[in-house]
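Below is run_31.txt, which holds compact mmCIF, C-alpha atoms and all ligand atoms.
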```txt
# COMPACT_ATOMS: atom_id res chain seq x y z
CA MET A 1272 47.89 -73.49 -26.57
CA LEU A 1273 48.03 -74.17 -22.84
CA SER A 1274 50.78 -76.18 -21.19
CA ASP A 1275 50.05 -79.24 -19.03
CA ASP A 1276 50.69 -77.12 -15.93
CA GLN A 1277 48.20 -74.53 -17.13
CA TYR A 1278 45.52 -77.17 -17.76
CA ALA A 1279 46.13 -78.47 -14.25
CA LEU A 1280 45.95 -74.95 -12.79
CA ARG A 1281 42.68 -74.31 -14.61
CA GLU A 1282 41.23 -77.56 -13.27
CA ARG A 1283 42.15 -76.60 -9.71
CA ALA A 1284 40.57 -73.16 -10.18
CA ARG A 1285 37.49 -74.74 -11.76
CA ALA A 1286 37.03 -77.11 -8.83
CA LEU A 1287 37.08 -74.26 -6.30
CA ALA A 1288 34.87 -72.08 -8.53
CA ARG A 1289 32.20 -74.69 -9.24
CA GLY A 1290 32.11 -75.79 -5.60
CA HIS A 1291 32.51 -73.15 -2.90
CA VAL A 1292 32.50 -69.97 -5.04
CA ALA A 1293 29.35 -70.86 -7.01
CA ALA A 1294 27.52 -71.83 -3.84
CA ARG A 1295 28.33 -68.44 -2.25
CA ALA A 1296 27.69 -66.15 -5.26
CA THR A 1297 24.03 -65.27 -4.64
CA GLU A 1298 24.60 -64.74 -0.93
CA VAL A 1299 27.57 -62.47 -1.60
CA ASP A 1300 25.42 -60.42 -3.98
CA ASN A 1301 22.52 -60.21 -1.51
CA SER A 1302 24.53 -59.50 1.62
CA GLU A 1303 26.99 -57.19 -0.18
CA ASP A 1304 29.65 -58.52 2.18
CA TYR A 1305 33.22 -59.06 1.01
CA PRO A 1306 33.69 -62.87 0.88
CA TRP A 1307 36.49 -63.42 3.41
CA ASP A 1308 35.80 -67.17 3.46
CA THR A 1309 36.47 -67.33 -0.30
CA VAL A 1310 39.60 -65.24 0.13
CA ALA A 1311 40.88 -67.78 2.70
CA ARG A 1312 40.32 -70.65 0.25
CA MET A 1313 41.92 -68.78 -2.63
CA THR A 1314 44.93 -67.92 -0.51
CA GLU A 1315 45.30 -71.53 0.55
CA ALA A 1316 45.09 -72.63 -3.09
CA GLY A 1317 47.87 -70.21 -4.09
CA PHE A 1318 45.55 -67.98 -6.14
CA PHE A 1319 46.67 -64.85 -4.27
CA GLY A 1320 50.12 -63.77 -5.44
CA LEU A 1321 50.18 -66.34 -8.22
CA THR A 1322 52.13 -63.81 -10.31
CA ILE A 1323 54.52 -62.84 -7.51
CA PRO A 1324 58.02 -64.19 -8.24
CA LYS A 1325 58.97 -67.35 -6.37
CA ARG A 1326 61.86 -65.63 -4.58
CA TYR A 1327 59.24 -63.60 -2.67
CA GLY A 1328 57.18 -66.70 -1.89
CA GLY A 1329 54.71 -66.26 -4.74
CA GLY A 1330 53.63 -68.67 -7.47
CA GLY A 1331 55.99 -67.30 -10.11
CA GLY A 1332 53.18 -67.54 -12.66
CA SER A 1333 52.53 -65.56 -15.83
CA THR A 1334 49.72 -63.14 -16.70
CA LEU A 1335 48.02 -65.96 -18.61
CA ASP A 1336 48.20 -68.25 -15.55
CA ALA A 1337 46.37 -65.61 -13.50
CA MET A 1338 43.83 -65.14 -16.29
CA LEU A 1339 42.93 -68.83 -16.23
CA VAL A 1340 42.06 -68.52 -12.54
CA ILE A 1341 40.20 -65.22 -13.04
CA GLU A 1342 38.12 -66.66 -15.88
CA GLU A 1343 37.02 -69.71 -13.89
CA MET A 1344 36.06 -67.61 -10.86
CA ALA A 1345 34.17 -65.04 -12.96
CA LYS A 1346 32.13 -67.75 -14.71
CA VAL A 1347 30.33 -68.27 -11.42
CA CYS A 1348 30.95 -65.06 -9.44
CA GLY A 1349 32.04 -61.68 -10.79
CA VAL A 1350 33.20 -60.45 -7.38
CA THR A 1351 35.54 -63.41 -6.96
CA GLY A 1352 36.87 -62.84 -10.48
CA ARG A 1353 37.70 -59.26 -9.54
CA ILE A 1354 39.38 -60.37 -6.34
CA ALA A 1355 41.56 -62.70 -8.41
CA VAL A 1356 42.51 -59.76 -10.66
CA GLU A 1357 43.53 -57.49 -7.82
CA ALA A 1358 45.37 -60.25 -5.96
CA ASN A 1359 47.63 -60.80 -8.98
CA MET A 1360 47.64 -57.72 -11.21
CA GLY A 1361 47.23 -53.94 -10.77
CA ALA A 1362 49.09 -52.82 -7.66
CA VAL A 1363 50.79 -56.23 -7.34
CA SER A 1364 52.31 -55.93 -10.83
CA ALA A 1365 53.32 -52.30 -10.30
CA ILE A 1366 55.02 -52.97 -6.95
CA MET A 1367 56.74 -56.16 -8.11
CA THR A 1368 58.07 -54.36 -11.20
CA TYR A 1369 59.00 -50.93 -9.87
CA GLY A 1370 59.32 -51.47 -6.11
CA THR A 1371 62.41 -51.55 -3.94
CA GLU A 1372 63.36 -54.82 -2.31
CA ASP A 1373 61.59 -53.76 0.92
CA GLN A 1374 58.45 -52.68 -0.94
CA ARG A 1375 58.29 -56.00 -2.79
CA ARG A 1376 58.68 -57.96 0.43
CA LEU A 1377 56.00 -55.87 2.14
CA ALA A 1378 53.55 -56.36 -0.72
CA ALA A 1379 54.30 -60.07 -1.11
CA GLY A 1380 53.81 -60.68 2.62
CA LEU A 1381 50.42 -58.99 2.65
CA VAL A 1382 49.09 -60.39 -0.63
CA LEU A 1383 50.18 -63.95 0.11
CA SER A 1384 48.30 -63.80 3.39
CA GLY A 1385 45.07 -62.73 1.67
CA ASP A 1386 45.25 -58.96 1.23
CA LYS A 1387 43.89 -57.63 -2.04
CA PRO A 1388 45.59 -54.24 -2.54
CA ALA A 1389 43.68 -51.07 -3.44
CA ILE A 1390 44.72 -48.52 -6.09
CA CYS A 1391 43.80 -44.90 -5.39
CA ILE A 1392 43.75 -42.74 -8.52
CA THR A 1393 40.21 -41.45 -9.25
CA GLU A 1394 38.90 -38.30 -7.60
CA PRO A 1395 35.54 -36.51 -7.79
CA GLY A 1396 36.99 -34.01 -10.28
CA ALA A 1397 39.40 -36.39 -12.02
CA GLY A 1398 37.92 -39.52 -13.60
CA SER A 1399 38.94 -40.17 -17.19
CA ALA A 1400 41.20 -37.13 -16.89
CA ALA A 1401 43.07 -38.86 -14.08
CA THR A 1402 46.07 -36.54 -14.30
CA ASP A 1403 43.84 -33.64 -13.20
CA MET A 1404 44.08 -35.12 -9.70
CA THR A 1405 44.49 -32.60 -6.90
CA THR A 1406 45.51 -34.89 -4.02
CA ARG A 1407 48.81 -33.43 -2.88
CA ALA A 1408 51.95 -34.92 -1.42
CA ASP A 1409 54.00 -32.06 0.06
CA LYS A 1410 57.60 -32.62 0.99
CA CYS A 1411 58.06 -31.47 4.62
CA GLY A 1412 61.57 -32.18 5.87
CA ASN A 1413 62.18 -35.87 5.33
CA ARG A 1414 58.47 -36.68 5.12
CA TYR A 1415 55.71 -36.47 2.51
CA VAL A 1416 52.39 -35.13 3.83
CA LEU A 1417 49.37 -36.22 1.82
CA ASN A 1418 46.03 -34.42 1.68
CA GLY A 1419 43.12 -35.10 -0.64
CA ALA A 1420 40.11 -37.24 -1.49
CA LYS A 1421 39.74 -40.27 -3.76
CA HIS A 1422 36.54 -42.10 -4.64
CA TRP A 1423 35.43 -45.35 -6.27
CA ILE A 1424 38.32 -47.16 -4.63
CA THR A 1425 37.83 -50.90 -5.01
CA GLY A 1426 38.30 -52.73 -1.75
CA ALA A 1427 38.41 -49.57 0.39
CA GLY A 1428 37.82 -50.70 3.96
CA VAL A 1429 38.91 -54.30 3.33
CA SER A 1430 42.32 -53.75 1.71
CA LYS A 1431 45.38 -53.12 3.84
CA LEU A 1432 47.91 -52.25 1.14
CA HIS A 1433 47.17 -49.03 -0.77
CA LEU A 1434 48.91 -47.72 -3.86
CA ILE A 1435 48.16 -43.99 -3.80
CA PHE A 1436 48.73 -41.40 -6.49
CA ALA A 1437 49.28 -37.80 -5.50
CA ARG A 1438 50.63 -34.61 -6.96
CA VAL A 1439 54.11 -33.64 -5.82
CA PHE A 1440 54.48 -30.75 -8.26
CA ASP A 1441 51.76 -28.23 -8.89
CA ASP A 1442 51.20 -28.31 -12.64
CA LYS A 1443 47.56 -29.33 -12.98
CA GLY A 1444 46.96 -31.86 -15.71
CA GLU A 1445 50.60 -32.77 -16.05
CA GLU A 1446 51.36 -36.40 -15.38
CA GLU A 1447 55.01 -35.81 -14.60
CA GLY A 1448 54.13 -34.09 -11.31
CA ILE A 1449 52.41 -37.21 -9.98
CA ALA A 1450 54.05 -39.81 -7.77
CA GLY A 1451 52.93 -43.21 -6.50
CA PHE A 1452 53.14 -44.08 -2.77
CA ILE A 1453 52.58 -47.25 -0.81
CA ALA A 1454 50.72 -47.18 2.52
CA VAL A 1455 49.34 -49.86 4.82
CA ARG A 1456 45.94 -48.78 6.11
CA GLU A 1457 46.09 -49.94 9.69
CA GLU A 1458 49.62 -48.61 10.17
CA THR A 1459 49.13 -45.17 8.66
CA LEU A 1460 47.54 -42.32 10.58
CA GLY A 1461 45.47 -39.97 8.46
CA LEU A 1462 44.12 -42.56 5.99
CA ARG A 1463 40.35 -42.53 6.43
CA ILE A 1464 37.74 -44.62 4.62
CA GLY A 1465 34.59 -42.65 3.72
CA LYS A 1466 31.16 -43.47 2.35
CA ARG A 1467 30.61 -46.72 0.45
CA GLU A 1468 28.93 -46.44 -2.97
CA PRO A 1469 25.73 -48.41 -3.43
CA THR A 1470 26.41 -50.22 -6.73
CA MET A 1471 24.34 -51.88 -9.46
CA GLY A 1472 26.43 -55.06 -9.54
CA LEU A 1473 29.56 -56.69 -8.13
CA ARG A 1474 27.99 -55.96 -4.78
CA GLY A 1475 30.28 -57.99 -2.58
CA MET A 1476 33.17 -55.68 -3.44
CA PRO A 1477 33.20 -52.37 -1.56
CA GLU A 1478 33.72 -49.23 -3.63
CA ALA A 1479 34.30 -46.26 -1.35
CA GLU A 1480 35.87 -42.88 -0.72
CA VAL A 1481 39.36 -42.68 0.74
CA PHE A 1482 40.59 -39.52 2.44
CA PHE A 1483 44.14 -38.49 3.27
CA GLU A 1484 44.25 -36.04 6.15
CA ASP A 1485 47.80 -34.87 6.88
CA MET A 1486 48.87 -38.42 6.21
CA GLU A 1487 52.62 -38.67 6.72
CA LEU A 1488 54.80 -41.04 4.71
CA THR A 1489 58.55 -41.51 4.70
CA PRO A 1490 60.47 -41.49 1.40
CA SER A 1491 60.64 -45.29 1.67
CA ALA A 1492 56.93 -45.27 0.75
CA LEU A 1493 57.65 -43.70 -2.62
CA LEU A 1494 57.10 -46.25 -5.39
CA LEU A 1495 57.13 -44.11 -8.48
CA PRO A 1496 58.97 -40.83 -8.03
CA PRO A 1497 57.86 -37.96 -10.24
CA ARG A 1498 60.35 -36.82 -12.86
CA GLY A 1499 62.82 -39.30 -11.49
CA LEU A 1500 64.62 -42.16 -13.08
CA ARG A 1501 61.24 -43.62 -13.83
CA LYS A 1502 58.36 -41.91 -15.57
CA GLY A 1503 56.06 -41.76 -12.50
CA PHE A 1504 52.43 -41.87 -13.55
CA ALA A 1505 53.27 -43.04 -17.07
CA ASP A 1506 54.93 -46.11 -15.56
CA LEU A 1507 51.78 -46.88 -13.59
CA MET A 1508 49.78 -46.69 -16.79
CA GLU A 1509 52.15 -49.28 -18.29
CA ALA A 1510 51.42 -51.56 -15.34
CA TYR A 1511 47.73 -50.81 -15.76
CA ASN A 1512 47.69 -52.65 -19.09
CA VAL A 1513 47.82 -55.92 -17.22
CA GLN A 1514 44.89 -54.80 -15.03
CA ARG A 1515 42.91 -54.01 -18.19
CA VAL A 1516 43.50 -57.51 -19.50
CA GLY A 1517 42.42 -58.83 -16.10
CA ALA A 1518 39.22 -56.77 -16.12
CA GLY A 1519 38.47 -57.99 -19.64
CA THR A 1520 38.95 -61.56 -18.40
CA VAL A 1521 36.33 -61.08 -15.68
CA ALA A 1522 33.94 -59.82 -18.39
CA LEU A 1523 34.83 -62.88 -20.50
CA GLY A 1524 34.16 -65.23 -17.58
CA LEU A 1525 30.79 -63.64 -16.83
CA ALA A 1526 29.75 -63.99 -20.47
CA GLU A 1527 30.89 -67.62 -20.59
CA GLY A 1528 29.13 -68.50 -17.35
CA ALA A 1529 25.85 -66.97 -18.52
CA TYR A 1530 26.17 -68.57 -21.98
CA GLU A 1531 26.84 -72.05 -20.54
CA GLN A 1532 23.73 -71.80 -18.38
CA ALA A 1533 21.62 -70.52 -21.29
CA LEU A 1534 22.87 -73.31 -23.57
CA ALA A 1535 21.96 -75.97 -21.00
CA TYR A 1536 18.56 -74.44 -20.27
CA SER A 1537 17.69 -74.13 -23.97
CA GLN A 1538 18.00 -77.92 -24.26
CA VAL A 1539 15.64 -78.76 -21.40
CA ARG A 1540 13.02 -76.02 -21.55
CA GLU A 1541 10.23 -77.09 -23.89
CA GLN A 1542 7.68 -74.90 -25.66
CA PHE A 1543 5.43 -75.77 -28.60
CA GLY A 1544 6.26 -79.42 -27.89
CA ARG A 1545 10.02 -79.18 -28.37
CA PRO A 1546 13.15 -77.87 -26.63
CA ILE A 1547 13.54 -74.15 -27.28
CA CYS A 1548 17.04 -74.77 -28.77
CA GLU A 1549 15.19 -76.26 -31.76
CA PHE A 1550 14.01 -72.80 -32.75
CA GLN A 1551 16.29 -71.06 -35.21
CA GLY A 1552 15.77 -67.70 -33.49
CA LEU A 1553 17.50 -69.08 -30.40
CA GLN A 1554 20.04 -71.17 -32.31
CA TRP A 1555 21.42 -68.05 -33.96
CA MET A 1556 21.51 -66.21 -30.65
CA LEU A 1557 23.50 -69.08 -29.11
CA ALA A 1558 25.80 -69.18 -32.13
CA ASP A 1559 26.44 -65.44 -31.91
CA MET A 1560 27.15 -65.72 -28.20
CA SER A 1561 29.73 -68.45 -28.77
CA ILE A 1562 31.40 -66.50 -31.62
CA GLN A 1563 31.74 -63.39 -29.47
CA ILE A 1564 33.11 -65.31 -26.50
CA GLU A 1565 35.77 -67.02 -28.60
CA ALA A 1566 36.73 -63.71 -30.25
CA ALA A 1567 37.13 -62.03 -26.85
CA ARG A 1568 39.19 -64.93 -25.52
CA GLY A 1569 41.45 -64.72 -28.58
CA LEU A 1570 42.06 -60.99 -28.06
CA LEU A 1571 42.65 -61.38 -24.31
CA TYR A 1572 44.94 -64.41 -24.45
CA GLY A 1573 46.71 -62.79 -27.42
CA ALA A 1574 47.36 -59.62 -25.38
CA ALA A 1575 48.83 -61.72 -22.56
CA ALA A 1576 50.83 -64.13 -24.71
CA GLY A 1577 54.56 -63.69 -24.70
CA THR A 1578 54.56 -60.94 -22.08
CA GLY A 1579 56.65 -63.00 -19.64
CA GLU A 1580 57.25 -60.80 -16.63
CA GLY A 1581 56.53 -57.67 -18.70
CA PHE A 1582 53.24 -55.91 -19.36
CA PRO A 1583 50.88 -56.42 -22.28
CA ASP A 1584 51.13 -54.02 -25.20
CA PRO A 1585 48.80 -51.01 -24.56
CA LEU A 1586 47.11 -51.32 -27.96
CA ALA A 1587 46.43 -55.05 -27.57
CA ALA A 1588 45.22 -54.58 -23.99
CA ALA A 1589 42.88 -51.73 -24.95
CA ARG A 1590 41.41 -53.61 -27.92
CA ALA A 1591 40.85 -56.70 -25.78
CA LYS A 1592 39.26 -54.81 -22.89
CA VAL A 1593 36.90 -52.77 -25.10
CA PHE A 1594 35.75 -55.84 -27.01
CA ALA A 1595 35.40 -58.14 -23.99
CA SER A 1596 33.57 -55.57 -21.85
CA GLU A 1597 31.03 -54.71 -24.56
CA MET A 1598 30.68 -58.38 -25.52
CA ALA A 1599 29.86 -59.33 -21.92
CA ILE A 1600 27.00 -56.82 -21.79
CA ARG A 1601 25.48 -58.28 -24.98
CA VAL A 1602 26.04 -61.94 -24.12
CA THR A 1603 24.77 -61.81 -20.53
CA ASN A 1604 21.67 -59.96 -21.79
CA ASP A 1605 21.07 -62.58 -24.48
CA ALA A 1606 21.48 -65.33 -21.90
CA LEU A 1607 18.78 -63.67 -19.80
CA GLN A 1608 16.56 -63.60 -22.90
CA VAL A 1609 17.02 -67.35 -23.43
CA PHE A 1610 15.75 -67.93 -19.89
CA GLY A 1611 12.61 -65.83 -20.48
CA ALA A 1612 10.89 -64.73 -17.24
CA LYS A 1613 13.09 -67.09 -15.27
CA GLY A 1614 16.14 -65.08 -16.35
CA TYR A 1615 14.53 -61.93 -14.99
CA SER A 1616 14.01 -63.62 -11.61
CA ARG A 1617 16.62 -63.12 -8.91
CA ALA A 1618 16.36 -66.83 -8.11
CA VAL A 1619 18.48 -67.98 -11.08
CA GLY A 1620 21.51 -65.67 -10.97
CA ILE A 1621 21.58 -64.59 -14.63
CA GLU A 1622 20.30 -61.11 -13.76
CA ARG A 1623 23.23 -60.83 -11.32
CA MET A 1624 25.62 -61.54 -14.18
CA VAL A 1625 23.92 -58.88 -16.33
CA ARG A 1626 24.39 -56.35 -13.52
CA ASP A 1627 27.96 -57.45 -12.85
CA ALA A 1628 28.95 -57.29 -16.53
CA ARG A 1629 27.74 -53.71 -16.89
CA MET A 1630 30.72 -52.29 -15.00
CA PHE A 1631 33.56 -53.23 -17.31
CA THR A 1632 33.07 -50.52 -19.96
CA ILE A 1633 33.57 -47.96 -17.16
CA GLY A 1634 36.14 -48.98 -14.52
CA GLY A 1635 39.82 -49.10 -15.46
CA GLY A 1636 39.45 -46.83 -18.50
CA THR A 1637 36.11 -46.30 -20.19
CA ALA A 1638 35.34 -47.78 -23.61
CA GLN A 1639 35.41 -44.27 -25.10
CA VAL A 1640 38.77 -43.33 -23.60
CA LEU A 1641 40.28 -46.66 -24.66
CA ARG A 1642 38.96 -46.17 -28.21
CA THR A 1643 40.75 -42.82 -28.25
CA LEU A 1644 43.93 -44.56 -27.10
CA ILE A 1645 43.51 -47.15 -29.88
CA ALA A 1646 42.85 -44.44 -32.48
CA SER A 1647 45.88 -42.40 -31.44
CA ARG A 1648 48.04 -45.54 -31.77
CA ILE A 1649 46.74 -46.60 -35.18
CA LEU A 1650 46.88 -43.03 -36.52
CA GLY A 1651 50.30 -42.59 -34.98
CA ARG A 1652 49.60 -39.18 -33.43
CA LYS A 1653 48.17 -37.40 -30.39
CA LEU A 1654 44.45 -36.67 -30.69
CA PRO A 1655 42.68 -33.60 -29.23
CA GLN A 1656 40.62 -35.83 -26.88
CA THR A 1657 43.72 -37.23 -25.15
CA ARG A 1658 45.62 -35.55 -22.31
CA ALA A 1659 48.69 -35.06 -24.50
CA GLY A 1660 46.47 -33.74 -27.29
CA HIS A 1661 44.78 -31.23 -24.97
CA LEU A 1662 48.12 -29.92 -23.73
CA GLU A 1663 49.48 -29.64 -27.26
CA LEU A 1664 46.34 -27.82 -28.40
CA ALA A 1665 46.49 -25.43 -25.44
CA ALA A 1666 50.17 -24.68 -26.10
CA ARG A 1667 49.40 -24.02 -29.77
CA GLU A 1668 46.49 -21.71 -28.90
CA GLU A 1669 48.67 -19.82 -26.44
CA SER A 1670 51.43 -19.23 -28.97
CA THR A 1671 49.06 -17.90 -31.69
P1 LIG B 1701 34.03 -39.49 -16.56
O1 LIG B 1701 35.48 -39.36 -16.82
O2 LIG B 1701 33.30 -38.34 -15.96
O3 LIG B 1701 33.34 -39.86 -17.95
C1 LIG B 1701 31.94 -39.75 -18.17
C2 LIG B 1701 31.66 -40.16 -19.61
O4 LIG B 1701 32.39 -39.31 -20.52
C3 LIG B 1701 32.13 -41.60 -19.90
O5 LIG B 1701 31.22 -42.23 -20.76
C4 LIG B 1701 33.45 -41.39 -20.60
O6 LIG B 1701 33.78 -42.44 -21.47
C5 LIG B 1701 33.20 -40.09 -21.37
N1 LIG B 1701 34.47 -39.37 -21.66
C6 LIG B 1701 35.31 -38.79 -20.79
N2 LIG B 1701 36.39 -38.30 -21.42
C7 LIG B 1701 36.23 -38.58 -22.74
C8 LIG B 1701 37.00 -38.35 -23.93
N3 LIG B 1701 38.18 -37.72 -23.91
N4 LIG B 1701 36.49 -38.81 -25.11
C9 LIG B 1701 35.30 -39.46 -25.16
N5 LIG B 1701 34.53 -39.72 -24.07
C10 LIG B 1701 35.00 -39.29 -22.89
N6 LIG B 1701 39.34 -45.74 -9.68
C11 LIG B 1701 40.46 -45.91 -8.91
O7 LIG B 1701 41.30 -45.04 -8.83
N7 LIG B 1701 40.64 -47.06 -8.21
C12 LIG B 1701 39.76 -48.08 -8.23
O8 LIG B 1701 39.97 -49.11 -7.58
C13 LIG B 1701 38.58 -47.93 -9.03
N8 LIG B 1701 37.65 -48.91 -9.07
C14 LIG B 1701 36.47 -48.70 -9.73
C15 LIG B 1701 35.47 -49.67 -9.64
C16 LIG B 1701 34.24 -49.47 -10.23
C17 LIG B 1701 33.16 -50.48 -10.04
C18 LIG B 1701 34.01 -48.29 -11.01
C19 LIG B 1701 32.69 -48.08 -11.68
C20 LIG B 1701 35.01 -47.33 -11.11
C21 LIG B 1701 36.24 -47.51 -10.47
N9 LIG B 1701 37.24 -46.57 -10.50
C22 LIG B 1701 38.40 -46.71 -9.75
C23 LIG B 1701 37.03 -45.31 -11.21
C24 LIG B 1701 37.15 -45.45 -12.71
O9 LIG B 1701 38.50 -45.60 -13.08
C25 LIG B 1701 36.48 -44.22 -13.33
O10 LIG B 1701 35.09 -44.38 -13.11
C26 LIG B 1701 36.77 -44.08 -14.81
O11 LIG B 1701 38.11 -43.73 -15.03
C27 LIG B 1701 35.86 -43.03 -15.46
O12 LIG B 1701 35.81 -41.86 -14.72
P2 LIG B 1701 34.39 -41.22 -14.34
O13 LIG B 1701 33.53 -42.28 -13.76
O14 LIG B 1701 34.65 -40.02 -13.51
O15 LIG B 1701 33.72 -40.81 -15.72
```
Rewrite the structure from the file as structure tokens, please.
Amino acid sequence: MLSDDQYALRERARALARGHVAARATEVDNSEDYPWDTVARMTEAGFFGLTIPKRYGGGGGSTLDAMLVIEEMAKVCGVTGRIAVEANMGAVSAIMTYGTEDQRRLAAGLVLSGDKPAICITEPGAGSAATDMTTRADKCGNRYVLNGAKHWITGAGVSKLHLIFARVFDDKGEEEGIAGFIAVREETLGLRIGKREPTMGLRGMPEAEVFFEDMELTPSALLLPPRGLRKGFADLMEAYNVQRVGAGTVALGLAEGAYEQALAYSQVREQFGRPICEFQGLQWMLADMSIQIEAARGLLYGAAAGTGEGFPDPLAAARAKVFASEMAIRVTNDALQVFGAKGYSRAVGIERMVRDARMFTIGGGTAQVLRTLIASRILGRKLPQTRAGHLELAAREEST
């Protein structure tokens, strides 16, 4: 289904992945340092801002183009796969779609020079229920003053560009009171990076707290006004569908990378006088791994197909992310099993992929919350477990 250009793009990504990125993966995991050297090579190769329109200096590529790069990177290094997501999707997609001309130029300039933007939504008291956020943006004269605390912010401390969500109106739990703002870390007083989380996997990517302490922004920083022409937070969630497909693609790449290694090892490791791939117990495991990988790829590419400059359909994106993230946990674990004790050793790198894969049923919408989204779509109504369902239920209880 790929075009000649896409095959060529994938080959270029594969060459960088199998060379530099693969050689650095273990060290990045051990040191837990963000791989700036890899970022420099990706930027040079045009893998940062691949999806930014050409008129802003970007690659003008599609979601699927970015996925091809993400998949190749994630096959050898989950952290690099995630960098490729954030350098092309998430905040990049939101700003390029909803931003003013100045905001687009600002974002393009930073991303094309190697800045992976950060998105600040989650708070200690507002995870899955993101619209319970309490970070405030108070209008004072011609300025917004932000106060609040976010946590689990990917890239906090390395990212310059921040897309921040804060409450402009008081109504707790109501998404219409939330607005999106753009801030550049080093140029904004009152944006403070807090404690870094020690994580199970994806260790070269910092996850940390971000605090806003009387942080002043001008109205030109407003990306998604609340209750304005746009739908504020709801618009961000539309843009987030592309991020979900990206996250699923990292999970896919991790599964593929682990499977390819397990397949190769099963043909050289001998026990009972024959290669272990001759045993039916392992043959069926390998077959199941390949079936699951192909199914995930079908769902992910399908969600991205035909989106052009738009976002993937929420139902297709949710299905693909749930399946790919759960598939990656199973497949990386099975790959470790094929390697026996060697897989359990930190020397081989399969255990790193198991740890890395574990994240994707949590970040960017948990598997449970996405299942609820899928169910509400296929049933065609709001469910009590969703935000809209909770509000409807509360209103009904109040009126009776
Ligand atoms: P909770 O919401 O407390 O959920 C706990 C459990 O309850 C989960 O199993 C969940 O599925 C379940 N649950 C909750 N509500 C329901 C329901 N209605 N029905 C059924 N089950 C439910 N956030 C950002 O803003 N920016 C980032 O860059 C970012 N990066 C992240 C990177 C990593 C590595 C991780 C792990 C998280 C990141 N997050 C980020 C935060 C992430 O979006 C949240 O972790 C996620 O939304 C879940 O919130 P929570 O962890 O507070 O879990």
Using all atoms listed in the file, I'd like a table of the residues in chain A that come within 6 Å of ligand LIG 1701 (chain B); for each, show the closest atom pair and its distance in Å rounded to one decimal, ordered by chain and ascending number, as CSV.
```
residue,atom,partner,partner_atom,distance
A:Ala1389,CA,B:LIG1701,O8,5.9
A:Ile1390,CA,B:LIG1701,N7,4.8
A:Cys1391,CA,B:LIG1701,O7,4.3
A:Ile1392,CA,B:LIG1701,O7,3.4
A:Thr1393,CA,B:LIG1701,O7,3.8
A:Gly1398,CA,B:LIG1701,O14,3.3
A:Ser1399,CA,B:LIG1701,O1,3.6
A:Trp1423,CA,B:LIG1701,N9,4.8
A:Ile1424,CA,B:LIG1701,O8,3.9
A:Thr1425,CA,B:LIG1701,O8,3.8
A:Met1630,CA,B:LIG1701,C19,5.7
A:Ile1633,CA,B:LIG1701,C26,5.6
A:Gly1634,CA,B:LIG1701,C20,4.0
A:Gly1635,CA,B:LIG1701,O9,4.4
A:Gly1636,CA,B:LIG1701,O11,4.8
A:Thr1637,CA,B:LIG1701,O6,4.7
A:Ala1638,CA,B:LIG1701,O6,6.0
A:Gln1639,CA,B:LIG1701,O6,4.4
A:Val1640,CA,B:LIG1701,N4,5.3
A:Gln1656,CA,B:LIG1701,N3,4.3
A:Thr1657,CA,B:LIG1701,N3,5.7
```
What are the nearest atom pairs, with distances in Å to one decimal, for all residues of stretch 1464-1537 of chain A that come at most 12 Å from stretch 1359-1364 of chain A, using all atoms listed in the file, set out by chain and rising residue number as CSV?
```
residue,atom,partner,partner_atom,distance
A:Leu1494,CA,A:Ala1362,CA,10.6
A:Leu1495,CA,A:Ala1362,CA,11.9
A:Asp1506,CA,A:Ser1364,CA,11.2
A:Leu1507,CA,A:Ala1362,CA,8.8
A:Met1508,CA,A:Gly1361,CA,9.8
A:Glu1509,CA,A:Ser1364,CA,10.0
A:Ala1510,CA,A:Ser1364,CA,6.3
A:Tyr1511,CA,A:Gly1361,CA,5.9
A:Asn1512,CA,A:Gly1361,CA,8.4
A:Val1513,CA,A:Met1360,CA,6.3
A:Gln1514,CA,A:Gly1361,CA,4.9
A:Arg1515,CA,A:Gly1361,CA,8.6
A:Val1516,CA,A:Met1360,CA,9.3
A:Gly1517,CA,A:Met1360,CA,7.2
A:Ala1518,CA,A:Met1360,CA,9.8
A:Thr1520,CA,A:Met1360,CA,11.9
```
Writer output for current selection, C-alpha atoms, as a PDB file, keeping the file's coordinate frame:
```pdb
ATOM      1  CA  LEU A1494      57.100 -46.250  -5.390  1.00  0.00           C
ATOM      2  CA  LEU A1495      57.130 -44.110  -8.480  1.00  0.00           C
ATOM      3  CA  ASP A1506      54.930 -46.110 -15.560  1.00  0.00           C
ATOM      4  CA  LEU A1507      51.780 -46.880 -13.590  1.00  0.00           C
ATOM      5  CA  MET A1508      49.780 -46.690 -16.790  1.00  0.00           C
ATOM      6  CA  GLU A1509      52.150 -49.280 -18.290  1.00  0.00           C
ATOM      7  CA  ALA A1510      51.420 -51.560 -15.340  1.00  0.00           C
ATOM      8  CA  TYR A1511      47.730 -50.810 -15.760  1.00  0.00           C
ATOM      9  CA  ASN A1512      47.690 -52.650 -19.090  1.00  0.00           C
ATOM     10  CA  VAL A1513      47.820 -55.920 -17.220  1.00  0.00           C
ATOM     11  CA  GLN A1514      44.890 -54.800 -15.030  1.00  0.00           C
ATOM     12  CA  ARG A1515      42.910 -54.010 -18.190  1.00  0.00           C
ATOM     13  CA  VAL A1516      43.500 -57.510 -19.500  1.00  0.00           C
ATOM     14  CA  GLY A1517      42.420 -58.830 -16.100  1.00  0.00           C
ATOM     15  CA  ALA A1518      39.220 -56.770 -16.120  1.00  0.00           C
ATOM     16  CA  THR A1520      38.950 -61.560 -18.400  1.00  0.00           C
TER      17      THR A1520
END
```
- Polymer residues at most 9 Å from (46.8, -69.7, -13.5) by all atoms listed in the file, as a ChimeraX atom specification: /A:1276-1281,1284,1318,1321-1322,1332-1341
